[in-house]
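One structure is given below, encoded as structure tokens.
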Amino acid sequence: MIVLYGRLDDRPFAQVAEAAQRAGIAHHVVDQDSLSRYDLVTRPDGPDGRLSTDGVRIALEDISALYTRPMVPAVGPPHHAESGRTALLHQQFVDWLDITPSLVVNRPRAMESNTSKPYQSQLIARAGFLVPDTLITNEPEDVRGFLARHGRVVYKSVSGVRSIVRELTATDEGRLPLVRHLPTQFQEYVPGFDVRVHVVGERVLAAQVDSTATDYRYAARDGLPQPVLHRTDLPADVAARCVELAAMLGLPFAGIDLRIRPDGAWVCFEVNPMPGFTYYQDGAGLPIADAVVDLLVRGAPSDVPA
């Protein structure tokens, strides 16, 4: 049995659920919006137990693979019994995901590397990718020196919370004292074009992104044309390095942000452990949801800790 855990109003999750339906595989969708209807029994000393709702009873040991996009449960009225029950079931299920021997795409503990971009950048470099020269500081003078050294600099948040990547310009000079209150990540600007890679098991699906925006996700907000996406093939060594990086991070499914410089060198910015892949699937015609379902069907060796 394959289980999908997430919210059906979340488009990537819904796309995987639709792909599983098309494939005709035995699966069960746990919609977080209906989580309060479920009962979950787990054993404190092992991964066995059961998941049941509305006459459906699934032995946890019978689950071969799971695709999860766990969202923080919606907050109801204070002390509302259903809200408390939902939060408890969600936490119990998420904790179980880290100990089940089933294939989990992806385990919560494996996603933690993305909560600190500087930490993840070190792991990326360890995997053999170039990473941008980076400064994390709350000292304005450090930023000015970094800018003088590189000429062009971008800035972004340090945490895994999504932020808009912006280029540091002369108009930002008056705002630099603000970094004293919030350490910020500054990076050398890397010229070239972006390639978003989705690693699904050992399969690599890549989209080239043609855009003049600093952060192509927000091109329209800057009054620039919408990015144009093309399906592309990576050089064999780069594709292999992407697969190795995802495996090193414990991610059966990963979204990897690359940029190829004019000199042909590949730079890696970040690895997304819960990729919102539909933008690339639609824009470049990549069968990402189908690849995820295929991975769930095929399974993989467990990486559950002993």
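Chain identifiers are assigned as A, B, and so on, following the order in which chains appear in the structure tokens; residues are numbered from 1 within each chain, and ligands are numbered from 1 in order of appearance.
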DSSP on the backbone, strand (DSSP E or B) only: what residues of region 114-145 of chain A does that give? Format it as a short mmCIF file (atom, residue, chain, number, x, y, z; two decimals) with C-alpha atoms, in the first residue's frame.
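Result file is result_31.cif:
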data_model
loop_
_atom_site.label_atom_id
_atom_site.label_comp_id
_atom_site.auth_asym_id
_atom_site.auth_seq_id
_atom_site.Cartn_x
_atom_site.Cartn_y
_atom_site.Cartn_z
CA SER A 116 19.94 26.75 7.49
CA LEU A 130 30.80 25.18 -6.73
CA THR A 134 29.07 34.06 0.88
CA LEU A 135 29.03 36.56 3.72
CA ILE A 136 26.66 36.35 6.69
CA THR A 137 26.87 39.41 8.87
#
Long-range neighbours of region 34-40 of chain A as a list in words, 9 Å cut-off, only C-alpha atoms, 3 positions minimum in chain: Val30, Asp31, Gly49, Arg50, Leu51, Ser52, Thr53, Asp54, Glu82, Ser83, Arg85, Thr86, Ala87, Leu89, His90, Gln92 and Phe93 of chain A
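Going from CA of Asn138 (chain A) over to CA of Thr171 (chain A), you cover 18.5 Å.
Across the structure, CA of Gln120 (chain A) and CA of Ala213 (chain A) are spaced 24.3 Å apart.
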Selection near region 55-63 of chain A, 9 Å with only C-alpha atoms, sequence-local residues under 2 positions removed, as a tab-separated table (two decimals) with all heavy atoms, in the first residue's frame:
chain	number	residue	atom	x	y	z
A	1	MET	N	0.83	-1.19	0.00
A	1	MET	CA	0.00	0.00	0.00
A	1	MET	C	0.88	1.25	0.00
A	1	MET	O	1.87	1.32	0.72
A	1	MET	CB	-0.92	0.01	1.23
A	1	MET	CG	-1.66	1.32	1.47
A	1	MET	SD	-2.85	1.75	0.18
A	1	MET	CE	-4.13	0.54	0.50
A	2	ILE	N	0.51	2.22	-0.84
A	2	ILE	CA	1.20	3.50	-0.90
A	2	ILE	C	0.29	4.54	-0.25
A	2	ILE	O	-0.92	4.57	-0.50
A	2	ILE	CB	1.52	3.88	-2.35
A	2	ILE	CG1	2.63	2.96	-2.88
A	2	ILE	CG2	1.92	5.34	-2.47
A	2	ILE	CD1	2.86	3.08	-4.37
A	3	VAL	N	0.86	5.39	0.58
A	3	VAL	CA	0.10	6.44	1.26
A	3	VAL	C	0.65	7.80	0.85
A	3	VAL	O	1.87	8.00	0.78
A	3	VAL	CB	0.17	6.27	2.79
A	3	VAL	CG1	-0.37	7.51	3.50
A	3	VAL	CG2	-0.63	5.04	3.22
A	41	VAL	N	-2.57	4.72	15.62
A	41	VAL	CA	-2.00	4.01	16.76
A	41	VAL	C	-0.59	3.58	16.39
A	41	VAL	O	-0.39	2.88	15.39
A	41	VAL	CB	-2.86	2.79	17.14
A	41	VAL	CG1	-2.20	2.03	18.30
A	41	VAL	CG2	-4.27	3.21	17.52
A	42	THR	N	0.38	4.03	17.15
A	42	THR	CA	1.76	3.62	16.92
A	42	THR	C	2.33	3.04	18.20
A	42	THR	O	1.86	3.33	19.31
A	42	THR	CB	2.63	4.82	16.49
A	42	THR	OG1	2.57	5.85	17.49
A	42	THR	CG2	2.16	5.39	15.16
A	47	PRO	N	7.95	0.71	14.63
A	47	PRO	CA	7.18	1.40	13.60
A	47	PRO	C	5.81	0.81	13.32
A	47	PRO	O	5.10	1.30	12.46
A	47	PRO	CB	8.08	1.26	12.36
A	47	PRO	CG	8.77	-0.05	12.57
A	47	PRO	CD	8.98	-0.17	14.05
A	48	ASP	N	5.44	-0.27	14.02
A	48	ASP	CA	4.15	-0.91	13.73
A	48	ASP	C	2.99	-0.10	14.30
A	48	ASP	O	3.17	0.77	15.16
A	48	ASP	CB	4.12	-2.32	14.32
A	48	ASP	CG	5.18	-3.23	13.71
A	48	ASP	OD1	5.73	-2.84	12.66
A	48	ASP	OD2	5.44	-4.29	14.27
A	49	GLY	N	1.80	-0.40	13.82
A	49	GLY	CA	0.60	0.28	14.31
A	49	GLY	C	-0.47	0.24	13.24
A	49	GLY	O	-0.44	-0.60	12.33
A	50	ARG	N	-1.41	1.18	13.33
A	50	ARG	CA	-2.47	1.21	12.33
A	50	ARG	C	-2.96	2.63	12.11
A	50	ARG	O	-2.87	3.49	13.00
A	50	ARG	CB	-3.65	0.32	12.75
A	50	ARG	CG	-4.30	0.72	14.06
A	50	ARG	CD	-5.53	-0.10	14.36
A	50	ARG	NE	-6.02	0.11	15.71
A	50	ARG	CZ	-6.72	1.17	16.10
A	50	ARG	NH1	-6.99	2.13	15.23
A	50	ARG	NH2	-7.13	1.29	17.35
A	51	LEU	N	-3.48	2.85	10.92
A	51	LEU	CA	-4.10	4.11	10.52
A	51	LEU	C	-5.51	3.76	10.04
A	51	LEU	O	-5.67	2.90	9.18
A	51	LEU	CB	-3.30	4.75	9.38
A	51	LEU	CG	-3.81	6.06	8.79
A	51	LEU	CD1	-3.67	7.20	9.80
A	51	LEU	CD2	-3.03	6.40	7.51
A	52	SER	N	-6.50	4.40	10.61
A	52	SER	CA	-7.87	4.03	10.23
A	52	SER	C	-8.77	5.26	10.16
A	52	SER	O	-8.57	6.26	10.86
A	52	SER	CB	-8.44	3.03	11.23
A	52	SER	OG	-8.40	3.53	12.55
A	53	THR	N	-9.79	5.16	9.27
A	53	THR	CA	-10.79	6.20	9.12
A	53	THR	C	-11.95	5.66	8.31
A	53	THR	O	-11.75	4.94	7.33
A	53	THR	CB	-10.22	7.46	8.43
A	53	THR	OG1	-11.24	8.46	8.36
A	53	THR	CG2	-9.73	7.16	7.03
A	65	ALA	N	5.44	2.57	0.79
A	65	ALA	CA	6.06	3.85	0.44
A	65	ALA	C	5.08	4.98	0.73
A	65	ALA	O	3.85	4.79	0.71
A	65	ALA	CB	6.47	3.87	-1.04
A	66	LEU	N	5.63	6.17	0.99
A	66	LEU	CA	4.81	7.34	1.27
A	66	LEU	C	5.36	8.56	0.55
A	66	LEU	O	6.59	8.75	0.48
A	66	LEU	CB	4.77	7.65	2.77
A	66	LEU	CG	4.28	6.57	3.72
A	66	LEU	CD1	5.48	5.87	4.38
A	66	LEU	CD2	3.38	7.16	4.80
A	100	THR	N	9.75	4.71	10.30
A	100	THR	CA	9.24	3.61	9.49
A	100	THR	C	10.30	3.11	8.51
A	100	THR	O	11.04	3.91	7.93
A	100	THR	CB	7.98	4.03	8.72
A	100	THR	OG1	7.59	2.94	7.84
A	100	THR	CG2	8.22	5.26	7.86
A	101	PRO	N	10.39	1.79	8.31
A	101	PRO	CA	11.31	1.25	7.31
A	101	PRO	C	10.80	1.43	5.88
A	101	PRO	O	11.52	1.10	4.93
A	101	PRO	CB	11.42	-0.22	7.68
A	101	PRO	CG	10.13	-0.54	8.36
A	101	PRO	CD	9.74	0.71	9.10
A	102	SER	N	9.59	1.94	5.72
A	102	SER	CA	9.05	2.17	4.38
A	102	SER	C	9.84	3.28	3.68
A	102	SER	O	10.51	4.10	4.33
A	102	SER	CB	7.58	2.60	4.47
A	102	SER	OG	6.82	1.70	5.23
A	103	LEU	N	9.75	3.33	2.36
A	103	LEU	CA	10.32	4.44	1.61
A	103	LEU	C	9.49	5.68	1.92
A	103	LEU	O	8.26	5.66	1.76
A	103	LEU	CB	10.30	4.14	0.11
A	103	LEU	CG	10.61	5.34	-0.81
A	103	LEU	CD1	12.05	5.79	-0.64
A	103	LEU	CD2	10.32	4.99	-2.26
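Nearest to His150 (chain A) of all the residues A:Val209, A:Asn114, A:Gln187, A:Pro273 is A:Gln187, based on only C-alpha atoms.
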I'd like the neighbourhood of region 277-288 of chain A as number ranges by chain, where a residue qualifies if any of its atoms comes within 8 Å (using only C-alpha atoms), though same-chain residues fewer than 6 positions away should be ignored. A: 11-12, 15, 196, 198, 200, 205-207, 228-231, 255
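For the set A:Phe193, A:Val104, A:Pro132, A:Ser159, the residue with the smallest atom-to-atom gap to Ser64 (chain A) is A:Val104, counting only C-alpha atoms.
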For region 123-126 of chain A: contacts at 8 Å, only C-alpha atoms, fewer than 4 positions along chain excluded, given as a tab-separated table (two decimals) with N, CA and C atoms, in the first residue's frame:
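That gives us result.tsv:
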chain	number	residue	atom	x	y	z
A	119	TYR	N	24.51	26.19	6.34
A	119	TYR	CA	24.86	24.79	6.62
A	119	TYR	C	24.68	23.94	5.37
A	130	LEU	N	30.39	23.83	-7.08
A	130	LEU	CA	30.80	25.18	-6.73
A	130	LEU	C	29.63	25.86	-6.03
A	131	VAL	N	29.93	26.70	-5.04
A	131	VAL	CA	28.92	27.50	-4.37
A	131	VAL	C	29.40	28.96	-4.38
A	245	LEU	N	24.26	14.21	-4.66
A	245	LEU	CA	23.94	15.24	-3.66
A	245	LEU	C	22.62	14.94	-2.98
A	268	CYS	N	25.90	25.67	-7.64
A	268	CYS	CA	24.67	25.22	-6.96
A	268	CYS	C	24.33	26.20	-5.85
A	270	GLU	N	21.11	25.96	-3.94
A	270	GLU	CA	20.25	25.45	-2.87
A	270	GLU	C	19.64	24.11	-3.30
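Remark: for Leu182 (chain A), the closest of the candidate residues A:Gly145, A:Gly151, A:Gly223, A:Pro140 is A:Pro140 (distances computed over only C-alpha atoms).
When only C-alpha atoms are used to measure the gap to His27 (chain A), the shortest distance among A:Ala236, A:Ala220, A:Val297, A:Val197 belongs to A:Val297.
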Which residues are near Pro252 (chain A)? Cut-off 7 Å, only C-alpha atoms, ignore same chain within fewer than 3 positions. Put them as an MDAnalysis selection string. chainID A and resid 105:106 200:201 246:247
From a DSSP pass on the backbone, collect the residues of region 119-220 of chain A flagged as helix (DSSP H, G or I) and hand them back as a PyMOL selection string. chain A and resi 119-126+140-150+170-181+216-218+220
